[in-house]
Structure formats: structure tokens, C-alpha cells
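A.B. asks: The structure file run19.cif (mmCIF, C-alpha atoms) is provided below.
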data_start
#
loop_
_atom_site.label_atom_id
_atom_site.label_comp_id
_atom_site.auth_asym_id
_atom_site.auth_seq_id
_atom_site.Cartn_x
_atom_site.Cartn_y
_atom_site.Cartn_z
CA MET A 1 47.90 214.70 125.40
CA ALA A 2 49.06 211.08 125.43
CA SER A 3 47.70 208.89 128.20
CA ILE A 4 49.91 207.29 130.81
CA PRO A 5 50.30 203.54 130.18
CA LYS A 6 49.00 201.19 132.82
CA GLY A 7 51.75 199.49 134.75
CA SER A 8 53.80 202.67 134.97
CA THR A 9 55.27 204.46 137.91
CA VAL A 10 54.16 208.06 138.20
CA VAL A 11 56.00 210.94 139.83
CA LEU A 12 54.14 214.14 140.68
CA VAL A 13 56.27 217.22 141.26
CA GLY A 14 54.55 220.21 142.81
CA THR A 15 56.32 223.49 142.13
CA ARG A 16 55.82 227.19 142.63
CA LYS A 17 54.74 227.36 139.00
CA GLY A 18 52.55 224.35 138.48
CA LEU A 19 52.50 220.57 138.61
CA TYR A 20 54.73 218.28 136.55
CA VAL A 21 53.68 214.66 136.01
CA PHE A 22 56.30 212.13 134.92
CA HIS A 23 55.82 208.45 134.13
CA SER A 24 58.01 205.46 133.39
CA LYS A 25 57.58 201.76 132.79
CA ASP A 26 61.04 200.86 134.07
CA ARG A 27 61.85 203.79 136.38
CA ARG A 28 64.90 204.41 134.23
CA ARG A 29 63.54 206.37 131.26
CA TRP A 30 61.03 209.02 132.26
CA LYS A 31 58.55 210.90 130.14
CA LEU A 32 56.80 214.14 130.99
CA ALA A 33 53.06 213.58 130.75
CA GLY A 34 52.43 217.27 131.16
CA ARG A 35 52.64 220.44 133.16
CA PHE A 36 49.40 221.53 134.78
CA PHE A 37 48.18 224.63 136.66
CA GLU A 38 50.82 226.72 134.95
CA GLY A 39 52.08 229.58 137.04
CA ILE A 40 50.17 228.51 140.13
CA PRO A 41 51.84 227.05 143.24
CA VAL A 42 51.08 223.38 143.84
CA HIS A 43 52.18 222.51 147.34
CA ASN A 44 51.36 218.82 147.15
CA ALA A 45 49.93 216.30 144.73
CA ARG A 46 49.67 212.54 144.97
CA TYR A 47 48.17 209.61 143.13
CA ASP A 48 46.44 207.04 145.33
CA PRO A 49 46.49 203.70 143.49
CA ARG A 50 44.00 202.23 145.93
CA GLU A 51 41.43 204.91 145.13
CA GLY A 52 42.49 205.26 141.50
CA VAL A 53 42.59 209.04 141.73
CA ALA A 54 45.11 211.82 142.19
CA TRP A 55 44.62 215.04 144.13
CA ALA A 56 46.52 218.30 143.83
CA ALA A 57 46.65 221.17 146.31
CA VAL A 58 46.52 224.17 143.99
CA ASN A 59 47.07 227.46 145.77
CA SER A 60 46.32 230.43 143.60
CA PHE A 61 47.92 233.61 144.81
CA THR A 62 44.89 235.53 143.62
CA TRP A 63 41.90 233.23 143.77
CA GLY A 64 42.73 231.09 146.79
CA PRO A 65 43.27 227.38 147.33
CA LEU A 66 41.43 224.46 145.76
CA VAL A 67 41.89 220.71 145.52
CA HIS A 68 41.78 219.37 141.97
CA ARG A 69 41.47 215.68 141.15
CA SER A 70 42.25 213.39 138.23
CA LYS A 71 41.92 209.73 137.37
CA THR A 72 44.17 209.98 134.32
CA LEU A 73 46.75 212.49 135.62
CA THR A 74 46.44 214.32 132.33
CA LYS A 75 43.03 215.90 132.78
CA TRP A 76 42.19 217.59 136.06
CA THR A 77 38.85 218.58 137.57
CA ARG A 78 38.59 221.30 140.17
CA GLY A 79 36.69 220.65 143.36
CA LYS A 80 33.46 222.59 143.70
CA ALA A 81 34.67 224.32 146.87
CA GLY A 82 37.90 224.56 148.78
CA PRO A 83 38.24 223.99 152.51
CA ALA A 84 37.08 227.08 154.35
CA TYR A 85 36.88 228.28 157.91
CA SER A 86 33.71 229.80 159.23
CA LYS A 87 33.32 233.53 158.87
CA LYS A 88 33.13 233.96 162.64
CA SER A 89 36.48 232.22 163.15
CA GLY A 90 38.24 235.19 161.61
CA TRP A 91 40.59 232.83 159.75
CA SER A 92 40.77 232.24 156.04
CA VAL A 93 42.45 229.27 154.41
CA ALA A 94 45.50 230.68 152.65
CA LYS A 95 47.09 227.46 151.40
CA ILE A 96 46.48 223.76 151.28
CA TRP A 97 49.73 222.08 152.25
CA ASN A 98 48.80 218.44 152.04
CA VAL A 99 46.10 216.21 150.58
CA VAL A 100 45.95 212.61 151.73
CA GLY A 101 43.46 209.81 151.27
CA GLY A 102 42.06 208.11 154.33
CA GLY A 103 43.92 204.90 153.52
CA PRO A 104 42.70 201.32 153.81
CA ALA A 105 40.84 201.98 157.05
CA ALA A 106 38.89 204.93 155.63
CA PRO A 107 38.32 204.46 151.90
CA GLY A 108 36.58 207.32 150.13
CA VAL A 109 37.77 209.85 152.67
CA LEU A 110 40.12 212.70 151.81
CA TYR A 111 41.97 214.95 154.22
CA ALA A 112 43.52 218.36 153.65
CA GLY A 113 46.00 220.09 155.93
CA VAL A 114 45.88 223.86 155.58
CA GLU A 115 47.37 227.17 156.60
CA PRO A 116 46.51 228.66 159.03
CA ALA A 117 46.77 225.28 160.64
CA GLY A 118 43.69 223.12 160.46
CA LEU A 119 42.51 219.77 159.21
CA PHE A 120 39.59 219.33 156.81
CA ARG A 121 37.80 216.17 155.76
CA SER A 122 35.93 215.42 152.53
CA GLU A 123 33.76 212.47 151.66
CA ASP A 124 33.02 213.56 148.08
CA ASP A 125 36.53 213.62 146.66
CA GLY A 126 37.14 217.27 147.43
CA ASP A 127 33.89 218.87 146.32
CA SER A 128 33.00 219.87 149.89
CA TRP A 129 34.91 219.97 153.14
CA GLU A 130 34.20 219.78 156.82
CA LEU A 131 36.55 221.18 159.44
CA VAL A 132 37.84 218.67 161.99
CA GLU A 133 36.89 220.97 164.81
CA GLY A 134 38.37 218.86 167.58
CA LEU A 135 41.86 219.88 166.51
CA THR A 136 41.18 223.56 165.91
CA SER A 137 39.46 223.82 169.27
CA HIS A 138 42.41 222.25 171.10
CA ALA A 139 43.20 224.14 174.29
CA THR A 140 46.56 225.23 172.92
CA ARG A 141 45.15 226.80 169.73
CA PRO A 142 45.26 230.42 170.97
CA LYS A 143 49.01 230.03 171.44
CA TRP A 144 49.84 228.57 168.00
CA GLU A 145 52.28 230.82 166.16
CA PRO A 146 53.69 230.46 162.64
CA GLY A 147 57.26 229.48 161.90
CA ASN A 148 59.20 230.69 158.91
CA GLY A 149 57.14 228.48 156.62
CA GLY A 150 53.83 229.68 157.98
CA LEU A 151 51.37 228.15 160.44
CA CYS A 152 50.85 225.04 158.39
CA LEU A 153 49.42 221.63 159.06
CA HIS A 154 51.81 219.83 156.74
CA THR A 155 51.59 216.14 157.55
CA ILE A 156 48.55 213.90 157.83
CA LEU A 157 49.11 210.26 158.78
CA PRO A 158 45.92 208.21 158.84
CA ASP A 159 46.35 204.90 160.63
CA PRO A 160 46.05 202.09 158.06
CA LYS A 161 44.39 199.85 160.62
CA SER A 162 41.93 202.21 162.29
CA ALA A 163 39.84 205.06 160.92
CA LYS A 164 39.70 206.47 164.43
CA ARG A 165 43.44 207.00 164.76
CA MET A 166 45.52 209.69 163.08
CA VAL A 167 48.68 211.73 163.64
CA VAL A 168 49.25 215.22 162.24
CA GLY A 169 52.19 217.61 162.31
CA ILE A 170 51.99 221.37 162.61
CA SER A 171 55.14 223.34 162.06
CA ALA A 172 56.37 225.41 165.01
CA VAL A 173 53.58 223.94 167.14
CA ALA A 174 53.52 220.18 167.81
CA VAL A 175 52.65 216.68 166.72
CA PHE A 176 49.07 215.78 167.60
CA SER A 177 47.27 212.44 167.68
CA THR A 178 43.67 211.36 167.91
CA GLU A 179 42.19 208.00 168.73
CA ASN A 180 38.52 208.88 168.33
CA GLY A 181 38.24 210.05 164.78
CA GLY A 182 39.32 213.61 165.47
CA ASP A 183 36.95 214.50 168.29
CA THR A 184 39.83 215.06 170.69
CA TRP A 185 43.57 215.35 170.22
CA LYS A 186 46.61 215.13 172.44
CA THR A 187 50.13 216.32 171.80
CA MET A 188 52.94 213.85 171.08
CA ASN A 189 55.97 215.82 172.13
CA ASP A 190 57.74 213.77 174.79
CA GLY A 191 61.38 213.37 173.87
CA MET A 192 61.43 216.14 171.28
CA THR A 193 63.93 218.96 171.43
CA ALA A 194 63.27 222.66 171.16
CA ARG A 195 66.47 224.57 171.63
CA TRP A 196 64.83 227.94 171.61
CA PHE A 197 63.27 227.24 175.00
CA PRO A 198 65.24 228.71 177.88
CA ASP A 199 65.28 225.38 179.76
CA HIS A 200 64.55 221.69 179.24
CA LYS A 201 61.10 221.77 180.82
CA PRO A 202 58.59 219.98 178.54
CA ARG A 203 56.05 222.24 176.85
CA ASP A 204 52.74 221.49 175.24
CA ILE A 205 53.58 223.42 172.06
CA GLY A 206 56.45 225.29 170.47
CA TYR A 207 58.13 222.28 168.87
CA CYS A 208 58.91 222.26 165.21
CA PRO A 209 58.12 219.03 163.36
CA HIS A 210 59.12 219.47 159.73
CA LYS A 211 57.88 216.16 158.33
CA LEU A 212 56.51 212.84 159.58
CA ALA A 213 56.27 209.45 157.91
CA ARG A 214 54.79 206.20 159.13
CA ASP A 215 56.74 202.96 158.97
CA PRO A 216 55.34 200.78 156.16
CA GLU A 217 55.16 197.65 158.31
CA ASP A 218 54.62 198.94 161.82
CA PRO A 219 52.09 201.80 161.83
CA ASN A 220 52.94 202.58 165.46
CA THR A 221 56.45 203.58 164.43
CA ILE A 222 56.70 207.11 163.05
CA TYR A 223 59.79 208.91 161.84
CA GLN A 224 60.14 212.64 162.18
CA GLN A 225 62.47 215.19 160.66
CA HIS A 226 62.39 217.88 163.29
CA HIS A 227 63.98 221.30 163.33
CA TRP A 228 66.60 219.87 165.69
CA GLY A 229 67.03 216.24 164.86
CA VAL A 230 65.56 213.13 163.32
CA PHE A 231 63.37 211.20 165.73
CA ARG A 232 61.56 207.90 165.88
CA TRP A 233 58.38 207.49 167.89
CA ASP A 234 58.70 204.60 170.33
CA ASP A 235 55.14 203.65 171.00
CA ALA A 236 55.93 201.37 173.92
CA LYS A 237 57.73 204.17 175.71
CA GLY A 238 55.36 206.85 174.46
CA ARG A 239 58.16 209.17 173.47
CA TRP A 240 60.38 210.28 170.61
CA LEU A 241 63.90 208.89 170.46
CA ASP A 242 66.61 210.98 168.84
CA VAL A 243 68.10 208.93 166.00
CA SER A 244 70.18 211.71 164.46
CA ARG A 245 73.53 210.14 165.22
CA GLY A 246 75.43 209.44 162.01
CA LEU A 247 73.78 212.19 159.96
CA SER A 248 75.85 215.06 158.58
CA SER A 249 73.35 217.47 160.09
CA SER A 250 70.36 217.06 162.32
CA PHE A 251 68.54 219.79 160.37
CA GLY A 252 66.44 219.12 157.31
CA PHE A 253 62.91 219.15 155.97
CA GLY A 254 62.08 216.18 153.78
CA LEU A 255 61.62 212.62 154.98
CA THR A 256 60.17 209.44 153.56
CA VAL A 257 60.07 205.76 154.35
CA GLY A 258 61.07 202.82 152.20
CA SER A 259 59.05 199.74 151.41
CA GLU A 260 60.59 197.57 154.11
CA GLY A 261 59.95 198.07 157.78
CA GLY A 262 62.60 200.09 159.55
CA SER A 263 63.74 201.97 156.45
CA ALA A 264 63.68 205.73 156.09
CA TYR A 265 65.38 208.44 154.04
CA VAL A 266 66.34 212.02 154.88
CA VAL A 267 68.36 214.76 153.22
CA PRO A 268 70.32 216.72 155.83
CA LEU A 269 70.65 220.44 155.29
CA LYS A 270 73.08 222.87 156.81
CA SER A 271 71.35 224.63 159.68
CA ASP A 272 68.25 226.76 159.74
CA GLY A 273 70.33 229.76 158.73
CA ASP A 274 71.46 228.21 155.44
CA ARG A 275 69.00 225.44 154.52
CA THR A 276 71.17 223.97 151.76
CA THR A 277 72.89 220.63 151.33
CA LEU A 278 76.30 220.46 152.94
CA GLY A 279 78.41 221.05 149.87
CA GLU A 280 77.19 217.92 148.14
CA MET A 281 73.87 216.30 147.35
CA ALA A 282 73.61 213.30 149.67
CA VAL A 283 70.68 211.22 150.87
CA TYR A 284 70.88 209.28 154.10
CA ARG A 285 69.20 205.90 154.52
CA THR A 286 68.49 203.80 157.55
CA ARG A 287 67.40 200.18 157.40
CA ASN A 288 67.29 199.64 161.13
CA ARG A 289 64.91 202.28 162.44
CA GLY A 290 67.55 204.97 162.71
CA ARG A 291 70.18 203.05 164.64
CA ALA A 292 72.61 203.65 161.77
CA TRP A 293 72.56 205.78 158.62
CA GLN A 294 74.27 205.26 155.28
CA ARG A 295 75.32 208.22 153.18
CA LEU A 296 74.16 207.72 149.58
CA ARG A 297 75.57 209.87 146.84
CA THR A 298 76.42 207.73 143.81
CA GLY A 299 75.11 209.69 140.87
CA LEU A 300 74.32 212.80 142.87
CA PRO A 301 76.05 216.12 142.16
CA ARG A 302 78.98 217.66 143.97
CA PRO A 303 79.53 220.44 144.71
CA ALA A 304 75.88 221.14 145.42
CA HIS A 305 74.15 223.64 147.62
CA LEU A 306 70.54 222.64 147.11
CA THR A 307 67.41 223.15 149.16
CA ILE A 308 64.91 220.36 149.69
CA LEU A 309 61.66 221.48 151.26
CA ARG A 310 59.42 219.53 153.58
CA GLU A 311 57.51 217.71 150.85
CA GLY A 312 60.61 217.27 148.74
CA VAL A 313 61.36 213.60 149.45
CA GLY A 314 59.02 210.80 148.39
CA SER A 315 58.99 207.08 147.70
CA ASP A 316 56.92 204.84 145.47
CA GLY A 317 56.25 201.89 147.75
CA GLN A 318 57.67 199.38 145.29
CA ASP A 319 60.30 196.67 145.75
CA PRO A 320 63.05 197.68 145.47
CA VAL A 321 61.85 201.05 146.56
CA GLY A 322 62.11 204.08 144.31
CA VAL A 323 63.01 207.25 146.18
CA TYR A 324 62.63 210.73 144.70
CA VAL A 325 64.08 214.04 145.80
CA ALA A 326 62.91 217.35 144.34
CA THR A 327 64.84 220.54 144.94
CA GLU A 328 64.00 224.17 145.13
CA GLN A 329 66.50 224.61 142.29
CA GLY A 330 64.27 222.53 140.01
CA GLN A 331 65.95 219.13 139.91
CA VAL A 332 64.32 215.77 140.53
CA PHE A 333 66.67 212.95 141.54
CA SER A 334 65.57 209.34 141.65
CA THR A 335 66.80 205.90 142.57
CA ARG A 336 65.23 202.59 141.66
CA ASP A 337 67.45 200.42 143.82
CA GLY A 338 66.70 201.79 147.24
CA GLY A 339 69.29 204.53 147.03
CA ASP A 340 72.47 202.81 145.92
CA HIS A 341 72.46 204.62 142.58
CA TRP A 342 70.82 207.89 141.60
CA ASP A 343 69.77 209.49 138.34
CA VAL A 344 68.21 212.78 137.31
CA ILE A 345 64.62 212.63 136.10
CA ALA A 346 64.48 216.32 135.28
CA ASP A 347 66.48 219.48 135.66
CA ASN A 348 65.59 223.13 135.38
CA LEU A 349 61.98 222.78 136.44
CA ALA A 350 60.29 225.52 138.38
CA PRO A 351 61.25 225.56 142.08
CA ALA A 352 59.95 222.30 143.51
CA MET A 353 58.03 222.13 146.74
CA SER A 354 56.90 218.50 146.71
CA VAL A 355 57.37 215.13 145.11
CA THR A 356 55.29 211.98 145.44
CA ALA A 357 55.41 208.74 143.53
CA SER A 358 53.38 205.59 143.21
CA PRO A 359 52.50 202.75 140.90
CA TYR A 360 49.90 203.55 138.25
CA PRO A 361 48.38 200.07 137.98
CA MET B 1 18.22 244.47 141.13
CA VAL B 2 19.94 242.87 138.17
CA VAL B 3 23.55 243.76 137.52
CA ASP B 4 26.02 242.84 134.79
CA ILE B 5 29.16 241.12 135.99
CA PHE B 6 32.32 240.97 133.93
CA LEU B 7 34.46 237.96 134.75
CA PRO B 8 38.22 237.67 134.33
CA ALA B 9 39.60 234.86 132.19
CA ALA B 10 40.52 232.78 135.24
CA LEU B 11 36.90 232.60 136.43
CA ARG B 12 35.13 232.08 133.11
CA GLU B 13 35.37 228.30 133.39
CA TYR B 14 32.80 228.58 136.19
CA ALA B 15 30.40 230.28 133.77
CA ARG B 16 30.91 227.91 130.85
CA GLY B 17 33.28 230.38 129.23
CA ALA B 18 31.10 233.48 129.49
CA SER B 19 32.86 236.75 130.17
CA ARG B 20 29.67 238.59 131.05
CA VAL B 21 26.92 237.23 133.27
CA GLN B 22 24.04 238.60 135.30
CA ALA B 23 23.11 238.26 138.95
CA SER B 24 20.64 239.85 141.33
CA GLY B 25 20.85 241.51 144.71
CA ARG B 26 20.80 244.76 146.59
CA SER B 27 24.41 244.59 147.74
CA LEU B 28 27.61 243.18 146.34
CA GLU B 29 27.34 240.39 148.90
CA HIS B 30 23.87 239.42 147.64
CA VAL B 31 25.02 239.62 144.03
CA LEU B 32 27.95 237.31 144.68
CA ALA B 33 25.69 234.90 146.56
CA ASP B 34 23.31 234.82 143.60
CA LEU B 35 26.24 234.36 141.25
CA ASP B 36 27.37 231.41 143.36
CA ARG B 37 23.94 229.80 143.08
CA LYS B 38 24.26 229.95 139.32
CA PHE B 39 27.93 229.01 139.19
CA PRO B 40 28.81 227.06 142.37
CA GLY B 41 32.21 227.81 143.81
CA ILE B 42 32.77 231.17 142.16
CA ARG B 43 32.04 233.23 145.28
CA GLN B 44 34.87 231.51 147.14
CA ARG B 45 37.30 232.62 144.46
CA VAL B 46 36.40 236.27 145.05
CA LEU B 47 35.84 236.34 148.81
CA ALA B 48 38.03 234.99 151.59
CA ASP B 49 36.54 232.82 154.35
CA THR B 50 36.06 235.98 156.39
CA GLY B 51 33.61 237.25 153.78
CA GLN B 52 35.92 240.02 152.66
CA ILE B 53 37.21 240.53 149.13
CA ARG B 54 40.40 238.53 148.67
CA GLU B 55 43.61 240.49 149.12
CA TYR B 56 44.64 240.27 145.47
CA VAL B 57 41.21 240.61 143.90
CA VAL B 58 39.86 243.98 142.86
CA VAL B 59 36.17 244.70 142.32
CA PHE B 60 34.83 247.73 140.50
CA VAL B 61 31.19 248.85 140.59
CA ASN B 62 30.33 251.19 137.72
CA GLY B 63 34.01 251.81 137.24
CA ASP B 64 34.75 252.74 140.84
CA GLN B 65 37.04 250.46 142.83
CA VAL B 66 35.41 248.95 145.89
CA THR B 67 37.61 249.98 148.77
CA ASP B 68 35.42 248.61 151.53
CA GLY B 69 36.38 244.96 151.90
CA GLU B 70 32.91 244.09 153.23
CA PRO B 71 30.67 243.36 150.23
CA ALA B 72 27.58 243.66 152.42
CA ARG B 73 28.26 247.38 152.71
CA VAL B 74 28.45 247.92 148.96
CA PRO B 75 25.00 248.71 147.52
CA VAL B 76 24.12 248.01 143.90
CA LYS B 77 21.10 248.88 141.79
CA ASP B 78 19.48 247.79 138.56
CA GLY B 79 21.75 248.09 135.56
CA ASP B 80 25.00 248.48 137.52
CA THR B 81 28.14 246.87 136.17
CA VAL B 82 30.55 244.89 138.32
CA HIS B 83 34.06 244.06 137.15
CA ILE B 84 36.07 241.39 138.97
CA ILE B 85 39.78 241.71 138.24
CA PRO B 86 42.97 240.10 139.55
CA SER B 87 45.16 242.80 141.02
CA VAL B 88 48.46 243.60 139.41
CA ALA B 89 50.76 241.76 141.78
CA GLY B 90 52.94 238.72 142.10
CA GLY B 91 55.93 237.54 140.17
#
Rewrite the structure of this file - the entire thing - as C-alpha cells.
C.D. replies:
Amino acid sequence: MASIPKGSTVVLVGTRKGLYVFHSKDRRRWKLAGRFFEGIPVHNARYDPREGVAWAAVNSFTWGPLVHRSKTLTKWTRGKAGPAYSKKSGWSVAKIWNVVGGGPAAPGVLYAGVEPAGLFRSEDDGDSWELVEGLTSHATRPKWEPGNGGLCLHTILPDPKSAKRMVVGISAVAVFSTENGGDTWKTMNDGMTARWFPDHKPRDIGYCPHKLARDPEDPNTIYQQHHWGVFRWDDAKGRWLDVSRGLSSSFGFGLTVGSEGGSAYVVPLKSDGDRTTLGEMAVYRTRNRGRAWQRLRTGLPRPAHLTILREGVGSDGQDPVGVYVATEQGQVFSTRDGGDHWDVIADNLAPAMSVTASPYP
Amino acid sequence: MVVDIFLPAALREYARGASRVQASGRSLEHVLADLDRKFPGIRQRVLADTGQIREYVVVFVNGDQVTDGEPARVPVKDGDTVHIIPSVAGG
């Protein structure tokens, strides 16, 4: 298998039937480096250029979940053991939803978010894992219930400036934050909406964050695609602000940020009963922290009733930013000019669950 | 108690490609623990975190399917054969 040239951009597409790795020198012409873990669901995979390694959350229906790693993206090594709960807990890790490096404040650290919801930490690149017990022992844990996608810890946001600080999202439960390295956690729900509650009284859990992303310039600003709205965390006020105005629908799953502060991308979907694009494939972009949204659809198909899942929108961190959208129907759309124009990297892949992208320096 | 274990294709990479290996113990739990000492990580592919046989894994001892999910309650003796098989499921 040919190696990926240095200086490329790589796109990792996790699907229900394996992982596809694409690469390009100009982000215009893409080559498939290979398909890996054939037939096995890969919920998330990402290359971390700072660490020089990629990780893949490989969730075998039969043999259980494992994190695999690769420096070349063409040859993968399985971890010696997957994250596991204690026998006495009565839980068993069914899927790994997300694998994320610790970032600049915690080099050499790897985190995995799993189902049933929990956070695991590895300091040996995924060969062994330790449960972050402070989260699983949160007082609300006995009341956590799965949503339609399962009881999954799907987003892990390490703080780039402090190894002690982190935010995680658990579907149908809440957003949680820690400021002491995971020993204790508090919910971050103020301002969020949960229309299934019978009244507007704030609750500790029962919210439904679908995806979170941290602003690239201001780590205290976090964007959230929620079940009912897109929100921005206002750290000064300590609450979420609804920034859904201007979107074709407040419902959706995927979310990513651009390379410039204040920029974010979402793909609205039609309601939780339909979960498809609203007749056309359109991406919405904000460049002012959600105050206004632009509908982007040049090069995107219409009519289109596509489903984009919670890991289905990613960006490559370059300037101008490349944004990538992978669909459950097997397409991967990309832009290399921040969203003004879109192309198709691939069509007719297996159903996509995730897409990530980064430089391959 | 030494038993012969037949591995499915998906798990042979743990055993450097071998389809048949040996492990010791007086119960299936002990045998899998010994197997894991020889081939680290393989036990977790067969057993869930709860210690029970994974939902879509089937284990046979001397040709009889293990129906008790608790491997500690499955005795084995010298010369027994253990087959580990992915169940016929999925799509």
C-alpha cells in the first residue's frame, strides 16, 4: 500500500463497515489510501499531527471495542486492551464513541468516551485504560438514561491551556465540566432547552447535547448542537445562549469549528422524527459566534434527503479552513475555501458515522 | 488441566496465527485467564467486562455449547477441547 506523502491533508471517514482514509496535497484531488477494519463499525478516527499518530475507535459487533493506532495511516496496530468497566460495576463497554488526544496541555494522554457513558484515560497510547471515576460516580449517574443513539459519551474537549480542565457531552444526559483533572464534575446546563420536560424548571440531567466543539481561539467559548437548538457557551454569564436564529432547523447532530475564532459550521436536519436534510444539502456557517448564519450550498446536491450523524462534520484546522461532511448515505463533501464552494470527495461509501481531517505534516 | 483451544480466524492474530493453542485451568474462567497470560488481550475479546461470555460469542466445550454465561461455573479437565466461535448474527 502506497504511503501518504508528507505535506498532505488527510481525511478519516469512520463508517459502519470500516475506516476509509483519503489524502490530498491540494485538497482538490483526493486519493483513497485504503479501507481498514473491513466490515467493522468505526465510530471515530482522527489523526493528531501534534502527536504524530492516529487513533481509531473500532467496535466489533462480536469481539467488542478496541482502539487501534497508526503513525502512517496505512498500517494499524491494535491496543493491547480496550477500556473496560470493573466487573462489580455491572456495566460493559459496548462501544467507543470518541478518541481524543489530551492536546497541548496534556501531551501523551489519550481519552476515550464510551457507551454506556464513561470516560477513560490512557497514558500508553491505548494499550491500557483507566476509568475517570469522578464522572461515573457523579451523583446523577443512577438517573442517566440512553437516548435513541444510546447512552454515549460522545464529545471530549480537553482544555488546550490546562490539563485540569475538560468538558464532555453525554447524549440525553448533560454537559459536564471538570476543573481538577476529572476528580469532580459539575453540569453545564444553564440556558439549555429540553422540551420534553413538563415545565421550564432547570434540571440537573435530561438534556440532549448532540455535539460540542471548542472555539479555536477562545477555549472558553464552546458551541453546541443540541436536540433543540444550537447554543454557545457564554463563560462570563455561565450559561448557554441560543444562537439558532437564522438556521433552517434547530435540530441536527454534527458541528465543527473553523480555523478563525467565532466560526462554526452545522448541518440542520428536519426534526427528530425525520433526521434528514431539509430537501437540499446545505451547510450553515457563522463567523460571528452564532449571531448570524450563512447558508452554503454551492456544489451541494438538491434535492437531497441525507442524514449526517453526530461525528459527521469535521474541519482540518488550516487556512482557509477545509470542512468535511460525511453522510449516512455514504457521501463525503468537502470545501477548501471555508464553505463557499463544495466538492464530493467520495460517493457510495458504507454508511458514514464520522469524519475528521487534519494536516499530515 | 491442559485443554486444547480452537481459535476463530478473527482471534488468531493474538496467537501469532495459530488456530489451535493450549491453556491450563480447572474452569473455563481459569483457562481464559491462562490464555490471556500467553496472548494478552484475548480474554477481553471473549468475555464482556462483567466476566460473562460476550453476547455474540459462542463457546463449546467438547462439542457442547456453553449455555451458562459465567465461565467460572464451567469445569474443564485434561484433554478437553474448547472452541471459540463468533455466533451467526449481524448483517
A.B. asks: May I have the protein, DNA and RNA residues with an atom at most 10 Å from (19.4, 236.6, 135.9), counting all atoms listed in the file in the file's coordinates, returned as a list in words?
C.D. replies: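 All residues meeting the 10 Å criterion around (19.4, 236.6, 135.9) are Met1, Val2, Val3, Asp4, Val21, Gln22, Ala23, Ser24, Asp34, Leu35 and Lys38 of chain B.
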A.B. asks: Report as a tab-separated table: every residue of chain A with an atom at most 7 Å from chain B, its closest pair of atoms, and their distance in Å to one decimal, counting all atoms listed in the file, with rows sorted by chain and ascending residue number.
C.D. replies:
residue	atom	partner	partner_atom	distance
A:Thr62	CA	B:Tyr56	CA	5.1
A:Trp63	CA	B:Arg45	CA	4.7
A:Gly64	CA	B:Arg45	CA	6.1
A:Lys80	CA	B:Gly41	CA	5.4
A:Ala81	CA	B:Gly41	CA	5.3
A:Ala84	CA	B:Asp49	CA	5.8
A:Tyr85	CA	B:Asp49	CA	5.8
A:Ser86	CA	B:Asp49	CA	6.4
A:Lys87	CA	B:Thr50	CA	4.4
A:Gly90	CA	B:Thr50	CA	5.7
A:Trp91	CA	B:Thr50	CA	6.5
A:Ser92	CA	B:Asp49	CA	4.6
A:Val93	CA	B:Asp49	CA	6.9
A.B. asks: CA of Asp242 (chain A) to CA of Gln318 (chain A): how many Å, to one decimal?
C.D. replies: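 These two atoms are separated by 27.7 Å.
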A.B. asks: If you take every atom of region 22-28 of chain A that the file lists and fit an axis-aligned box around them with 4 Å extra on each side, what centre and edge lengths come out in Å to one decimal, as AutoDock Vina command-line options?
C.D. replies:
--center_x 60.4 --center_y 206.5 --center_z 134.6 --size_x 17.1 --size_y 19.3 --size_z 11.6
A.B. asks: If you measure from CA of Leu135 (chain A) to CA of Ser122 (chain A), what distance in Å do you get, rounded to one decimal?
C.D. replies: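 Result for CA of Leu135 (chain A) versus CA of Ser122 (chain A): 15.8 Å, one decimal.
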